[in-house]
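K.L.:
Before anything else, here's the structure in question.
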Amino acid sequence: MKILRIVLIVVAFVFLAAHFSRAGNDAIAVVTLALPLLLAVRKPWAGWTLRILLFAGALEWVRTLLRLVAERRAAGDDWVRLAVILAAVAVVTLLAAFAVRIRAPETTPDGS
């Protein structure tokens, strides 16, 4: 199960990196590809960072879906397949956000 969660998270970030690269934001794409490395950090902030960024990524997919569908409809082109694919990618990204485990804060031996 742990491997599936990791694969889901990595795939979501790879899709986002491809999206940013296609838009010409190569620096953001490289950073996005590096973000899954935060899975190795055993601090709560790392999990929260990944979760928030994946939620933001899902919103980016929805924004892109709405923009591209509007463009296609205005041009009179077919838009249904585009909408289904981008909606599926947005759902996968959202599921990846929920797959991120937030670790409990570490405590010292004296309980603080």
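Going through the structure tokens in order, the chains are called A, B, and so on, while each chain numbers its residues from 1 and the ligands are numbered from 1 in the order shown.
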Leaving out segment 94-103 of chain A and any residue of its chain fewer than 6 positions from it, which residues lie within 7 Å of it when counting only C-alpha atoms, given as a ChimeraX atom specification?
P.N.:
/A:5,8-9,12,42-44,47-48,51,54-55,58
K.L.:
Residues at most 10 Å from His19 of chain A, counting only C-alpha atoms, excluding those fewer than 3 positions away in the same chain, as number ranges by chain?
P.N.:
A: 13-16, 22-26, 28-29, 60-61, 64
K.L.:
By how many Å are atom CA of Val69 of chain A and atom CA of Ala27 of chain A apart?
P.N.:
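Going from atom CA of Val69 of chain A over to atom CA of Ala27 of chain A covers 26.7 Å.
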K.L.:
Measure the distance from atom CA of Leu66 of chain A to atom CA of Arg81 of chain A in Å and round it to one decimal.
P.N.:
13.1 Å
